[in-house]
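Q: Following this message is one structure expressed as structure tokens.
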Amino acid sequence: QKEVEQNSGPLSVPEGAIASLNCTYSDRGSQSFFWYRQYSGKSPELIMSIYSNGDKEDGRFTAQLNKASQYVSLLIRDSQPSDSATYLCAVEYGNKLVFGAGTILRVKS
Amino acid sequence: GAGVSQSPRYKVAKRGQDVALRCDPISGHVSLFWYQQALGQGPEFLTYFQNEAQLDKSGLPSDRFFAERPEGSVSTLKIQRTQQEDSAVYLCASSPQDTNTEAFFGQGTRLTVV
């Protein structure tokens with residue numbers, strides 16, 4: 001059983017702070033990792049992908065991957081109220097993405 | 001259109017009724033995926049097409065679920081004899097490659113079985 005675990009939250013951070021979202025996965029053979037943002041009632045939107053150990057930065061977002069620890073994280077710098085959403089971690093297994101249940105992020109102004 | 005289009009957006013079905021959900025992927029996208037998302041959960045994989053070939057249907061929960069993509073473009077997910085546990089949002093995603101890389105999701109169809 002391929003598993004992806006996330007803390008459901010909610011994670012509350014003040015506006016301008018760094019939000020840190022974490023994800024662990026069960027299969028050491030996984031090679032591709034994704035973070036999706038999902039607003040309430042909307043579809044998931046891809047915000048970051050990462051394939052190799054280390055950090056990958058894109059604007060205010062940084063994805064971090066540690067394959068030895070089977071751990072993926074997403075940092076959001078200078079958090080804004082518009083970042084309030086559910087963040088889904090997804091791991092590619094063969095032809096499919098296995099998603100975590102998501103972490104609810106609330107950014108308070 | 002520019003994105004993945006799904007119809008209908010909302011469907012209410014009486015228990016035992018058959019339903020058909022449609023997905024129009026982004027033009028030219030090779031891969032098409034169906035996912036089921038229950039309230040408060042992440043999407044769960046149902047099935048995968050590469051062009052018209054259904055390469056993986058391991059996530060379909062029962063033989064009441066059937067998907068097709070006959071011409072390698074539009075796809076239909078059919079659920080026969082719907083049951084209350086089928087109530088969920090059904091998401092379609094497409095990708096330009098034969099992987100999940102850069103998969104784009106449609107808005108989904110919210111199915112409610114009463």
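Letters A, B, ... mark the chains of the structure tokens in the order given; residue numbers begin at 1 per chain; ligand numbers begin at 1, in order shown.
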Please, which residues of chain B, numbered as in this document, come out strand (DSSP E or B) from DSSP, as a CSV table (one decimal) with all heavy atoms, in the first residue's frame?
A:
chain,number,residue,atom,x,y,z
B,5,SER,N,-12.0,20.5,-19.3
B,5,SER,CA,-13.4,20.8,-19.1
B,5,SER,C,-14.2,19.5,-18.7
B,5,SER,O,-14.0,18.5,-19.3
B,5,SER,CB,-14.0,21.4,-20.3
B,5,SER,OG,-15.4,21.7,-20.2
B,6,GLN,N,-14.9,19.6,-17.6
B,6,GLN,CA,-15.7,18.5,-17.2
B,6,GLN,C,-17.2,18.9,-17.1
B,6,GLN,O,-17.6,20.0,-16.8
B,6,GLN,CB,-15.3,18.0,-15.8
B,6,GLN,CG,-13.9,17.4,-15.8
B,6,GLN,CD,-13.6,16.8,-14.4
B,6,GLN,OE1,-12.7,17.2,-13.7
B,6,GLN,NE2,-14.3,15.8,-14.1
B,7,SER,N,-18.0,17.9,-17.5
B,7,SER,CA,-19.5,18.2,-17.4
B,7,SER,C,-20.2,16.9,-17.0
B,7,SER,O,-19.7,15.8,-17.3
B,7,SER,CB,-20.0,18.7,-18.7
B,7,SER,OG,-19.8,17.7,-19.8
B,10,TYR,N,-22.4,19.5,-11.6
B,10,TYR,CA,-23.1,18.9,-10.5
B,10,TYR,C,-24.1,17.9,-11.0
B,10,TYR,O,-24.7,18.1,-12.1
B,10,TYR,CB,-23.9,19.9,-9.7
B,10,TYR,CG,-23.0,21.1,-9.2
B,10,TYR,CD1,-22.8,22.2,-9.9
B,10,TYR,CD2,-22.3,20.9,-8.0
B,10,TYR,CE1,-22.0,23.2,-9.5
B,10,TYR,CE2,-21.5,22.0,-7.5
B,10,TYR,CZ,-21.3,23.1,-8.3
B,10,TYR,OH,-20.5,24.1,-7.8
B,11,LYS,N,-24.2,16.7,-10.3
B,11,LYS,CA,-25.1,15.7,-10.7
B,11,LYS,C,-25.7,15.1,-9.5
B,11,LYS,O,-25.0,14.7,-8.6
B,11,LYS,CB,-24.4,14.6,-11.5
B,11,LYS,CG,-25.3,13.5,-12.0
B,11,LYS,CD,-26.3,13.9,-13.0
B,11,LYS,CE,-27.2,12.7,-13.4
B,11,LYS,NZ,-28.3,13.1,-14.3
B,12,VAL,N,-27.1,15.1,-9.4
B,12,VAL,CA,-27.8,14.4,-8.4
B,12,VAL,C,-28.4,13.2,-9.0
B,12,VAL,O,-29.2,13.3,-10.0
B,12,VAL,CB,-28.8,15.3,-7.7
B,12,VAL,CG1,-29.6,14.5,-6.6
B,12,VAL,CG2,-28.2,16.5,-7.1
B,13,ALA,N,-28.1,12.0,-8.4
B,13,ALA,CA,-28.7,10.8,-9.0
B,13,ALA,C,-29.4,10.0,-7.9
B,13,ALA,O,-29.0,10.0,-6.7
B,13,ALA,CB,-27.6,9.9,-9.5
B,19,VAL,N,-25.1,6.9,-14.3
B,19,VAL,CA,-24.6,8.2,-14.6
B,19,VAL,C,-23.4,8.2,-15.5
B,19,VAL,O,-22.7,7.2,-15.5
B,19,VAL,CB,-24.3,9.1,-13.4
B,19,VAL,CG1,-25.5,9.2,-12.4
B,19,VAL,CG2,-23.1,8.5,-12.6
B,20,ALA,N,-23.2,9.2,-16.3
B,20,ALA,CA,-22.1,9.4,-17.2
B,20,ALA,C,-21.5,10.7,-17.0
B,20,ALA,O,-22.1,11.8,-17.1
B,20,ALA,CB,-22.5,9.2,-18.7
B,21,LEU,N,-20.2,10.8,-16.7
B,21,LEU,CA,-19.4,12.0,-16.5
B,21,LEU,C,-18.5,12.2,-17.6
B,21,LEU,O,-17.7,11.3,-18.0
B,21,LEU,CB,-18.7,11.9,-15.2
B,21,LEU,CG,-19.5,11.4,-14.0
B,21,LEU,CD1,-18.7,11.4,-12.7
B,21,LEU,CD2,-20.8,12.3,-13.7
B,22,ARG,N,-18.4,13.4,-18.1
B,22,ARG,CA,-17.6,13.7,-19.3
B,22,ARG,C,-16.4,14.5,-19.0
B,22,ARG,O,-16.4,15.4,-18.1
B,22,ARG,CB,-18.4,14.4,-20.4
B,22,ARG,CG,-17.7,14.8,-21.6
B,22,ARG,CD,-18.6,15.7,-22.5
B,22,ARG,NE,-17.9,16.3,-23.6
B,22,ARG,CZ,-17.9,15.8,-24.9
B,22,ARG,NH1,-18.7,14.8,-25.2
B,22,ARG,NH2,-17.2,16.4,-25.8
B,23,CYS,N,-15.3,14.2,-19.7
B,23,CYS,CA,-14.0,15.0,-19.5
B,23,CYS,C,-13.5,15.4,-20.9
B,23,CYS,O,-13.2,14.5,-21.8
B,23,CYS,CB,-13.0,14.2,-18.8
B,23,CYS,SG,-11.4,15.0,-18.7
B,24,ASP,N,-13.3,16.7,-21.1
B,24,ASP,CA,-12.6,17.1,-22.4
B,24,ASP,C,-11.2,17.6,-21.9
B,24,ASP,O,-11.0,18.6,-21.3
B,24,ASP,CB,-13.3,18.3,-22.9
B,24,ASP,CG,-14.4,17.9,-23.9
B,24,ASP,OD1,-14.1,17.6,-25.0
B,24,ASP,OD2,-15.6,18.0,-23.4
B,31,SER,N,-2.0,12.0,-22.0
B,31,SER,CA,-2.4,11.2,-20.8
B,31,SER,C,-3.7,11.8,-20.2
B,31,SER,O,-3.8,13.0,-20.1
B,31,SER,CB,-1.3,11.2,-19.7
B,31,SER,OG,-0.2,10.5,-20.2
B,32,LEU,N,-4.6,10.9,-19.7
B,32,LEU,CA,-5.8,11.4,-19.1
B,32,LEU,C,-6.0,10.5,-17.9
B,32,LEU,O,-5.9,9.3,-17.9
B,32,LEU,CB,-7.0,11.3,-20.0
B,32,LEU,CG,-8.3,11.8,-19.6
B,32,LEU,CD1,-9.1,12.5,-20.7
B,32,LEU,CD2,-9.1,10.8,-18.8
B,33,PHE,N,-6.3,11.1,-16.8
B,33,PHE,CA,-6.5,10.4,-15.5
B,33,PHE,C,-7.9,10.8,-14.9
B,33,PHE,O,-8.3,11.9,-15.0
B,33,PHE,CB,-5.4,10.9,-14.5
B,33,PHE,CG,-4.0,10.8,-15.0
B,33,PHE,CD1,-3.5,11.9,-15.7
B,33,PHE,CD2,-3.2,9.7,-14.7
B,33,PHE,CE1,-2.2,11.8,-16.2
B,33,PHE,CE2,-1.9,9.7,-15.2
B,33,PHE,CZ,-1.4,10.7,-15.9
B,34,TRP,N,-8.5,9.8,-14.2
B,34,TRP,CA,-9.7,10.1,-13.4
B,34,TRP,C,-9.3,9.8,-12.0
B,34,TRP,O,-8.7,8.8,-11.6
B,34,TRP,CB,-10.8,9.1,-13.8
B,34,TRP,CG,-11.5,9.5,-15.1
B,34,TRP,CD1,-11.3,9.0,-16.3
B,34,TRP,CD2,-12.6,10.5,-15.2
B,34,TRP,NE1,-12.2,9.6,-17.2
B,34,TRP,CE2,-13.0,10.5,-16.6
B,34,TRP,CE3,-13.3,11.3,-14.3
B,34,TRP,CZ2,-14.0,11.3,-17.1
B,34,TRP,CZ3,-14.3,12.1,-14.8
B,34,TRP,CH2,-14.6,12.1,-16.2
B,35,TYR,N,-9.8,10.7,-11.1
B,35,TYR,CA,-9.6,10.6,-9.7
B,35,TYR,C,-11.0,10.8,-9.0
B,35,TYR,O,-11.8,11.5,-9.5
B,35,TYR,CB,-8.6,11.7,-9.1
B,35,TYR,CG,-7.2,11.4,-9.5
B,35,TYR,CD1,-6.7,11.8,-10.7
B,35,TYR,CD2,-6.3,10.8,-8.6
B,35,TYR,CE1,-5.3,11.6,-11.1
B,35,TYR,CE2,-5.0,10.5,-8.9
B,35,TYR,CZ,-4.5,10.9,-10.2
B,35,TYR,OH,-3.2,10.7,-10.5
B,36,GLN,N,-11.1,10.3,-7.8
B,36,GLN,CA,-12.3,10.4,-7.0
B,36,GLN,C,-11.9,11.1,-5.7
B,36,GLN,O,-10.9,10.7,-5.0
B,36,GLN,CB,-12.9,9.1,-6.6
B,36,GLN,CG,-14.1,9.1,-5.8
B,36,GLN,CD,-14.5,7.7,-5.3
B,36,GLN,OE1,-13.7,7.1,-4.6
B,36,GLN,NE2,-15.7,7.3,-5.6
B,37,GLN,N,-12.5,12.2,-5.3
B,37,GLN,CA,-12.2,12.9,-4.1
B,37,GLN,C,-13.4,13.0,-3.2
B,37,GLN,O,-14.4,13.6,-3.5
B,37,GLN,CB,-11.7,14.3,-4.4
B,37,GLN,CG,-11.1,15.0,-3.2
B,37,GLN,CD,-10.4,16.3,-3.5
B,37,GLN,OE1,-10.7,17.0,-4.5
B,37,GLN,NE2,-9.5,16.8,-2.6
B,44,GLU,N,-8.2,10.3,-5.0
B,44,GLU,CA,-7.8,8.9,-5.2
B,44,GLU,C,-7.9,8.4,-6.6
B,44,GLU,O,-8.9,8.7,-7.3
B,44,GLU,CB,-8.6,8.0,-4.3
B,44,GLU,CG,-8.3,8.2,-2.8
B,44,GLU,CD,-8.9,7.1,-1.9
B,44,GLU,OE1,-9.4,6.1,-2.5
B,44,GLU,OE2,-8.8,7.2,-0.7
B,45,PHE,N,-6.8,7.8,-7.1
B,45,PHE,CA,-6.7,7.4,-8.5
B,45,PHE,C,-7.8,6.4,-8.8
B,45,PHE,O,-8.0,5.4,-8.0
B,45,PHE,CB,-5.3,6.8,-8.7
B,45,PHE,CG,-5.1,6.1,-10.0
B,45,PHE,CD1,-4.8,6.9,-11.1
B,45,PHE,CD2,-5.2,4.8,-10.1
B,45,PHE,CE1,-4.6,6.3,-12.4
B,45,PHE,CE2,-5.0,4.1,-11.4
B,45,PHE,CZ,-4.7,4.9,-12.5
B,46,LEU,N,-8.3,6.6,-10.0
B,46,LEU,CA,-9.3,5.6,-10.5
B,46,LEU,C,-8.7,4.9,-11.7
B,46,LEU,O,-8.6,3.6,-11.7
B,46,LEU,CB,-10.6,6.3,-10.9
B,46,LEU,CG,-11.4,6.9,-9.8
B,46,LEU,CD1,-12.7,7.6,-10.3
B,46,LEU,CD2,-11.9,5.8,-8.8
B,47,THR,N,-8.3,5.6,-12.7
B,47,THR,CA,-7.9,5.0,-14.0
B,47,THR,C,-7.1,6.0,-14.8
B,47,THR,O,-7.1,7.2,-14.6
B,47,THR,CB,-9.1,4.5,-14.8
B,47,THR,OG1,-8.7,3.7,-15.9
B,47,THR,CG2,-10.0,5.6,-15.3
B,48,TYR,N,-6.3,5.4,-15.8
B,48,TYR,CA,-5.4,6.2,-16.6
B,48,TYR,C,-5.4,5.7,-18.0
B,48,TYR,O,-5.5,4.5,-18.3
B,48,TYR,CB,-4.0,5.9,-16.0
B,48,TYR,CG,-2.8,6.3,-17.0
B,48,TYR,CD1,-2.6,7.6,-17.4
B,48,TYR,CD2,-1.9,5.3,-17.4
B,48,TYR,CE1,-1.6,7.9,-18.3
B,48,TYR,CE2,-0.9,5.6,-18.2
B,48,TYR,CZ,-0.7,6.9,-18.7
B,48,TYR,OH,0.4,7.2,-19.5
B,49,PHE,N,-5.5,6.7,-18.9
B,49,PHE,CA,-5.4,6.4,-20.4
B,49,PHE,C,-4.2,7.1,-21.0
B,49,PHE,O,-3.8,8.2,-20.6
B,49,PHE,CB,-6.7,7.1,-21.1
B,49,PHE,CG,-7.9,6.4,-20.8
B,49,PHE,CD1,-8.7,6.7,-19.7
B,49,PHE,CD2,-8.4,5.4,-21.6
B,49,PHE,CE1,-9.9,6.1,-19.4
B,49,PHE,CE2,-9.6,4.8,-21.3
B,49,PHE,CZ,-10.4,5.1,-20.2
B,50,GLN,N,-3.6,6.4,-21.9
B,50,GLN,CA,-2.6,7.0,-22.7
B,50,GLN,C,-3.1,6.9,-24.1
B,50,GLN,O,-3.3,5.8,-24.7
B,50,GLN,CB,-1.2,6.2,-22.7
B,50,GLN,CG,-0.1,6.9,-23.4
B,50,GLN,CD,1.2,6.2,-23.3
B,50,GLN,OE1,1.8,5.7,-24.2
B,50,GLN,NE2,1.7,6.0,-22.1
B,53,ALA,N,-5.8,4.1,-25.2
B,53,ALA,CA,-5.6,2.9,-24.4
B,53,ALA,C,-5.7,3.1,-22.9
B,53,ALA,O,-5.0,4.0,-22.3
B,53,ALA,CB,-4.2,2.3,-24.7
B,54,GLN,N,-6.5,2.3,-22.3
B,54,GLN,CA,-6.7,2.3,-20.8
B,54,GLN,C,-5.6,1.4,-20.2
B,54,GLN,O,-5.7,0.2,-20.2
B,54,GLN,CB,-8.1,1.8,-20.4
B,54,GLN,CG,-8.4,2.0,-18.9
B,54,GLN,CD,-9.8,1.7,-18.6
B,54,GLN,OE1,-10.4,0.9,-19.3
B,54,GLN,NE2,-10.3,2.2,-17.5
B,55,LEU,N,-4.5,2.0,-19.7
B,55,LEU,CA,-3.4,1.3,-19.3
B,55,LEU,C,-3.4,0.9,-17.8
B,55,LEU,O,-2.7,0.0,-17.4
B,55,LEU,CB,-2.1,2.1,-19.5
B,55,LEU,CG,-1.8,2.5,-21.0
B,55,LEU,CD1,-0.4,3.1,-21.1
B,55,LEU,CD2,-1.8,1.2,-21.9
B,56,ASP,N,-4.3,1.5,-17.1
B,56,ASP,CA,-4.4,1.2,-15.6
B,56,ASP,C,-5.8,1.5,-15.2
B,56,ASP,O,-6.2,2.6,-15.3
B,56,ASP,CB,-3.3,2.0,-14.8
B,56,ASP,CG,-3.2,1.6,-13.4
B,56,ASP,OD1,-4.1,0.9,-12.9
B,56,ASP,OD2,-2.2,1.9,-12.7
B,65,PHE,N,-18.1,0.6,-12.2
B,65,PHE,CA,-17.4,1.8,-12.8
B,65,PHE,C,-16.7,1.4,-14.1
B,65,PHE,O,-16.0,0.4,-14.1
B,65,PHE,CB,-16.3,2.3,-11.8
B,65,PHE,CG,-16.9,3.0,-10.6
B,65,PHE,CD1,-17.5,2.3,-9.6
B,65,PHE,CD2,-16.7,4.4,-10.4
B,65,PHE,CE1,-18.0,3.0,-8.5
B,65,PHE,CE2,-17.2,5.0,-9.3
B,65,PHE,CZ,-17.8,4.3,-8.3
B,66,PHE,N,-16.9,2.2,-15.1
B,66,PHE,CA,-16.3,1.9,-16.4
B,66,PHE,C,-15.9,3.2,-17.0
B,66,PHE,O,-16.6,4.2,-16.9
B,66,PHE,CB,-17.4,1.2,-17.2
B,66,PHE,CG,-17.1,1.1,-18.7
B,66,PHE,CD1,-16.2,0.1,-19.1
B,66,PHE,CD2,-17.6,1.9,-19.6
B,66,PHE,CE1,-15.8,-0.1,-20.4
B,66,PHE,CE2,-17.2,1.8,-21.0
B,66,PHE,CZ,-16.4,0.7,-21.3
B,67,ALA,N,-14.7,3.3,-17.6
B,67,ALA,CA,-14.2,4.5,-18.3
B,67,ALA,C,-13.8,4.1,-19.7
B,67,ALA,O,-13.3,3.0,-20.0
B,67,ALA,CB,-13.1,5.1,-17.5
B,68,GLU,N,-13.9,5.1,-20.6
B,68,GLU,CA,-13.5,4.9,-22.0
B,68,GLU,C,-13.0,6.2,-22.5
B,68,GLU,O,-13.3,7.3,-22.1
B,68,GLU,CB,-14.7,4.4,-22.8
B,68,GLU,CG,-15.9,5.3,-22.9
B,68,GLU,CD,-17.0,4.7,-23.7
B,68,GLU,OE1,-16.9,3.5,-24.1
B,68,GLU,OE2,-18.0,5.4,-23.9
B,75,SER,N,-13.1,11.7,-22.7
B,75,SER,CA,-13.3,10.5,-21.9
B,75,SER,C,-14.6,10.6,-21.2
B,75,SER,O,-15.1,11.7,-20.8
B,75,SER,CB,-12.1,10.4,-21.0
B,75,SER,OG,-12.3,9.2,-20.1
B,76,THR,N,-15.2,9.4,-21.0
B,76,THR,CA,-16.4,9.3,-20.2
B,76,THR,C,-16.2,8.3,-19.1
B,76,THR,O,-15.7,7.2,-19.3
B,76,THR,CB,-17.6,8.9,-21.1
B,76,THR,OG1,-17.7,9.8,-22.2
B,76,THR,CG2,-18.9,8.8,-20.3
B,77,LEU,N,-16.6,8.7,-17.9
B,77,LEU,CA,-16.6,7.8,-16.7
B,77,LEU,C,-18.1,7.4,-16.5
B,77,LEU,O,-18.9,8.4,-16.3
B,77,LEU,CB,-16.0,8.4,-15.5
B,77,LEU,CG,-16.0,7.6,-14.2
B,77,LEU,CD1,-15.2,6.4,-14.3
B,77,LEU,CD2,-15.6,8.5,-13.0
B,78,LYS,N,-18.4,6.2,-16.5
B,78,LYS,CA,-19.8,5.7,-16.3
B,78,LYS,C,-19.8,5.0,-15.0
B,78,LYS,O,-19.0,4.1,-14.7
B,78,LYS,CB,-20.2,4.9,-17.5
B,78,LYS,CG,-20.2,5.6,-18.8
B,78,LYS,CD,-20.7,4.7,-19.9
B,78,LYS,CE,-20.7,5.5,-21.2
B,78,LYS,NZ,-21.1,4.6,-22.4
B,79,ILE,N,-20.9,5.2,-14.2
B,79,ILE,CA,-21.1,4.5,-13.0
B,79,ILE,C,-22.5,3.9,-13.1
B,79,ILE,O,-23.5,4.7,-13.3
B,79,ILE,CB,-21.0,5.4,-11.7
B,79,ILE,CG1,-19.7,6.2,-11.8
B,79,ILE,CG2,-21.1,4.6,-10.5
B,79,ILE,CD1,-19.6,7.3,-10.6
B,88,ALA,N,-19.2,11.8,-4.4
B,88,ALA,CA,-17.8,12.4,-4.3
B,88,ALA,C,-17.7,13.4,-5.4
B,88,ALA,O,-18.6,13.5,-6.2
B,88,ALA,CB,-16.8,11.3,-4.4
B,89,VAL,N,-16.5,14.0,-5.5
B,89,VAL,CA,-16.2,14.8,-6.6
B,89,VAL,C,-15.3,14.0,-7.5
B,89,VAL,O,-14.3,13.3,-7.0
B,89,VAL,CB,-15.4,16.1,-6.2
B,89,VAL,CG1,-14.9,16.9,-7.4
B,89,VAL,CG2,-16.3,17.0,-5.3
B,90,TYR,N,-15.6,13.9,-8.8
B,90,TYR,CA,-14.8,13.1,-9.7
B,90,TYR,C,-14.0,14.1,-10.6
B,90,TYR,O,-14.6,15.0,-11.3
B,90,TYR,CB,-15.8,12.3,-10.6
B,90,TYR,CG,-16.3,11.1,-9.8
B,90,TYR,CD1,-17.5,11.4,-9.0
B,90,TYR,CD2,-15.7,9.9,-9.7
B,90,TYR,CE1,-18.0,10.4,-8.2
B,90,TYR,CE2,-16.2,8.9,-8.9
B,90,TYR,CZ,-17.4,9.1,-8.1
B,90,TYR,OH,-17.9,8.1,-7.3
B,91,LEU,N,-12.7,14.0,-10.5
B,91,LEU,CA,-11.8,14.9,-11.1
B,91,LEU,C,-11.1,14.2,-12.3
B,91,LEU,O,-10.7,13.0,-12.2
B,91,LEU,CB,-10.7,15.3,-10.1
B,91,LEU,CG,-11.1,16.1,-8.9
B,91,LEU,CD1,-10.1,16.1,-7.8
B,91,LEU,CD2,-11.4,17.6,-9.4
B,92,CYS,N,-11.0,14.9,-13.3
B,92,CYS,CA,-10.3,14.5,-14.5
B,92,CYS,C,-9.0,15.4,-14.7
B,92,CYS,O,-9.0,16.6,-14.4
B,92,CYS,CB,-11.1,14.6,-15.8
B,92,CYS,SG,-10.3,14.2,-17.3
B,93,ALA,N,-7.9,14.7,-15.0
B,93,ALA,CA,-6.7,15.5,-15.3
B,93,ALA,C,-6.0,15.0,-16.6
B,93,ALA,O,-6.2,13.9,-16.9
B,93,ALA,CB,-5.7,15.3,-14.1
B,94,SER,N,-5.3,15.9,-17.2
B,94,SER,CA,-4.6,15.5,-18.4
B,94,SER,C,-3.2,16.0,-18.4
B,94,SER,O,-2.9,17.0,-17.7
B,94,SER,CB,-5.3,16.0,-19.7
B,94,SER,OG,-5.2,17.4,-19.9
B,95,SER,N,-2.3,15.4,-19.1
B,95,SER,CA,-0.9,15.7,-19.1
B,95,SER,C,-0.4,15.5,-20.5
B,95,SER,O,-0.8,14.6,-21.3
B,95,SER,CB,-0.1,14.7,-18.2
B,95,SER,OG,1.3,14.8,-18.4
B,104,PHE,N,-2.8,18.7,-15.3
B,104,PHE,CA,-3.8,19.8,-15.1
B,104,PHE,C,-5.1,19.2,-14.8
B,104,PHE,O,-5.6,18.4,-15.6
B,104,PHE,CB,-3.8,20.7,-16.3
B,104,PHE,CG,-2.5,21.4,-16.5
B,104,PHE,CD1,-1.6,20.8,-17.4
B,104,PHE,CD2,-2.2,22.6,-15.9
B,104,PHE,CE1,-0.4,21.5,-17.7
B,104,PHE,CE2,-1.0,23.2,-16.2
B,104,PHE,CZ,-0.1,22.7,-17.0
B,105,PHE,N,-5.8,19.6,-13.7
B,105,PHE,CA,-7.1,19.1,-13.3
B,105,PHE,C,-8.2,20.0,-13.9
B,105,PHE,O,-8.1,21.2,-14.0
B,105,PHE,CB,-7.2,19.1,-11.8
B,105,PHE,CG,-6.5,17.9,-11.2
B,105,PHE,CD1,-5.1,17.9,-10.9
B,105,PHE,CD2,-7.2,16.8,-10.9
B,105,PHE,CE1,-4.5,16.8,-10.4
B,105,PHE,CE2,-6.5,15.7,-10.3
B,105,PHE,CZ,-5.2,15.7,-10.0
B,109,THR,N,-16.7,17.0,-11.3
B,109,THR,CA,-18.1,16.8,-11.2
B,109,THR,C,-18.5,16.3,-9.8
B,109,THR,O,-17.9,15.3,-9.4
B,109,THR,CB,-18.6,15.7,-12.2
B,109,THR,OG1,-18.4,16.2,-13.6
B,109,THR,CG2,-20.1,15.4,-12.1
B,110,ARG,N,-19.3,17.1,-9.2
B,110,ARG,CA,-19.8,16.7,-7.8
B,110,ARG,C,-21.0,15.8,-8.0
B,110,ARG,O,-22.0,16.3,-8.4
B,110,ARG,CB,-20.1,17.9,-7.0
B,110,ARG,CG,-20.5,17.5,-5.5
B,110,ARG,CD,-20.8,18.8,-4.7
B,110,ARG,NE,-19.6,19.5,-4.5
B,110,ARG,CZ,-18.7,19.3,-3.6
B,110,ARG,NH1,-18.8,18.2,-2.8
B,110,ARG,NH2,-17.6,20.1,-3.5
B,111,LEU,N,-20.8,14.5,-7.6
B,111,LEU,CA,-21.9,13.6,-7.7
B,111,LEU,C,-22.5,13.4,-6.3
B,111,LEU,O,-21.8,13.0,-5.4
B,111,LEU,CB,-21.5,12.3,-8.3
B,111,LEU,CG,-22.5,11.1,-8.3
B,111,LEU,CD1,-23.6,11.4,-9.2
B,111,LEU,CD2,-21.8,9.8,-8.7
B,112,THR,N,-23.8,13.5,-6.2
B,112,THR,CA,-24.6,13.2,-5.0
B,112,THR,C,-25.6,12.2,-5.3
B,112,THR,O,-26.4,12.4,-6.2
B,112,THR,CB,-25.2,14.5,-4.5
B,112,THR,OG1,-24.3,15.5,-4.3
B,112,THR,CG2,-25.9,14.2,-3.1
B,113,VAL,N,-25.5,11.1,-4.6
B,113,VAL,CA,-26.5,10.0,-4.8
B,113,VAL,C,-27.4,10.0,-3.6
B,113,VAL,O,-27.0,9.9,-2.4
B,113,VAL,CB,-25.7,8.6,-4.9
B,113,VAL,CG1,-26.8,7.5,-5.1
B,113,VAL,CG2,-24.7,8.6,-6.0
Q: Could you list, as an mmCIF file with all heavy atoms, in the first residue's frame, every residue within 7 Å of B:Ile26, counting only C-alpha atoms and ignoring same-chain residues fewer than 5 positions away?
A:
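selection-v4.cif, freshly written:
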data_model
loop_
_atom_site.group_PDB
_atom_site.id
_atom_site.type_symbol
_atom_site.label_atom_id
_atom_site.label_comp_id
_atom_site.auth_asym_id
_atom_site.auth_seq_id
_atom_site.Cartn_x
_atom_site.Cartn_y
_atom_site.Cartn_z
ATOM 1 N N ALA B 2 -9.083 26.352 -23.082
ATOM 2 C CA ALA B 2 -7.694 26.356 -22.665
ATOM 3 C C ALA B 2 -7.394 25.307 -21.619
ATOM 4 O O ALA B 2 -6.249 24.891 -21.476
ATOM 5 C CB ALA B 2 -7.338 27.735 -22.124
ATOM 6 N N GLY B 3 -8.396 24.894 -20.855
ATOM 7 C CA GLY B 3 -8.149 23.976 -19.761
ATOM 8 C C GLY B 3 -8.919 22.691 -19.928
ATOM 9 O O GLY B 3 -9.552 22.437 -20.953
ATOM 10 N N VAL B 4 -8.849 21.843 -18.878
ATOM 11 C CA VAL B 4 -9.608 20.605 -18.850
ATOM 12 C C VAL B 4 -11.051 20.949 -18.479
ATOM 13 O O VAL B 4 -11.286 21.646 -17.491
ATOM 14 C CB VAL B 4 -9.008 19.620 -17.829
ATOM 15 C CG1 VAL B 4 -9.827 18.344 -17.778
ATOM 16 C CG2 VAL B 4 -7.548 19.322 -18.163
ATOM 17 N N SER B 94 -5.326 15.927 -17.209
ATOM 18 C CA SER B 94 -4.601 15.525 -18.420
ATOM 19 C C SER B 94 -3.178 16.040 -18.370
ATOM 20 O O SER B 94 -2.872 17.010 -17.669
ATOM 21 C CB SER B 94 -5.314 16.006 -19.692
ATOM 22 O OG SER B 94 -5.223 17.411 -19.854
#
Q: Return the neighbours of chain B among the residues of chain A, cut-off 8 Å, counting only C-alpha atoms, as a ChimeraX atom specification.
A: /A:42-46,88,92,95-102
Q: Export, as a compact mmCIF listing (two decimals), in the first residue's frame, the selected residues with C-alpha atoms.
A:
# COMPACT_ATOMS: atom_id res chain seq x y z
CA LYS A 42 -12.11 24.16 -6.62
CA SER A 43 -9.83 21.68 -8.33
CA PRO A 44 -6.20 21.03 -7.34
CA GLU A 45 -3.67 23.38 -8.93
CA LEU A 46 -0.04 22.33 -9.36
CA LEU A 88 -1.97 18.45 -1.14
CA GLU A 92 4.06 9.55 -8.36
CA ASN A 95 1.11 5.83 -13.75
CA LYS A 96 -0.69 7.33 -10.80
CA LEU A 97 -0.40 10.08 -8.25
CA VAL A 98 -1.02 9.11 -4.65
CA PHE A 99 -2.20 12.10 -2.65
CA GLY A 100 -2.10 12.87 1.02
CA ALA A 101 -5.29 14.06 2.69
CA GLY A 102 -4.01 17.63 2.62
Q: If we count only C-alpha atoms and set the cut-off at 12 Å, which residues sit around A:Ala68, ignoring sequence neighbours fewer than 3 positions away in its own chain? Please answer as a PyMOL selection string.
A: chain A and resi 24-31+52-54+65+71-72
Q: May I have the selected residues written with C-alpha atoms, as a tab-separated table (two decimals), in the first residue's frame?
A:
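Final output, result_0.tsv:
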chain	number	residue	atom	x	y	z
A	24	THR	CA	6.09	11.77	4.37
A	25	TYR	CA	5.75	8.89	1.96
A	26	SER	CA	6.17	5.14	2.24
A	27	ASP	CA	7.88	3.97	-0.97
A	28	ARG	CA	11.64	4.54	-1.19
A	29	GLY	CA	11.52	4.03	-4.95
A	30	SER	CA	9.46	7.15	-5.62
A	31	GLN	CA	11.10	9.70	-7.90
A	52	SER	CA	15.96	15.40	-6.71
A	53	ASN	CA	17.22	15.85	-3.17
A	54	GLY	CA	17.58	19.40	-1.93
A	65	LEU	CA	13.07	16.81	-0.72
A	71	TYR	CA	10.21	13.52	3.46
A	72	VAL	CA	8.94	16.39	1.33
Q: Let me make sure I understand: among A:Asn66, A:Gln1, A:Ser109, A:Asn22, which one has the smallest atom-to-atom distance to A:Ser79 if we use only C-alpha atoms?
A: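 Closest residue, counting only C-alpha atoms: A:Ser109.
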Q: State, in Å with one decimal place, the distance from atom CA of A:Tyr36 to atom CA of A:Ser82.
A: 14.7 Å
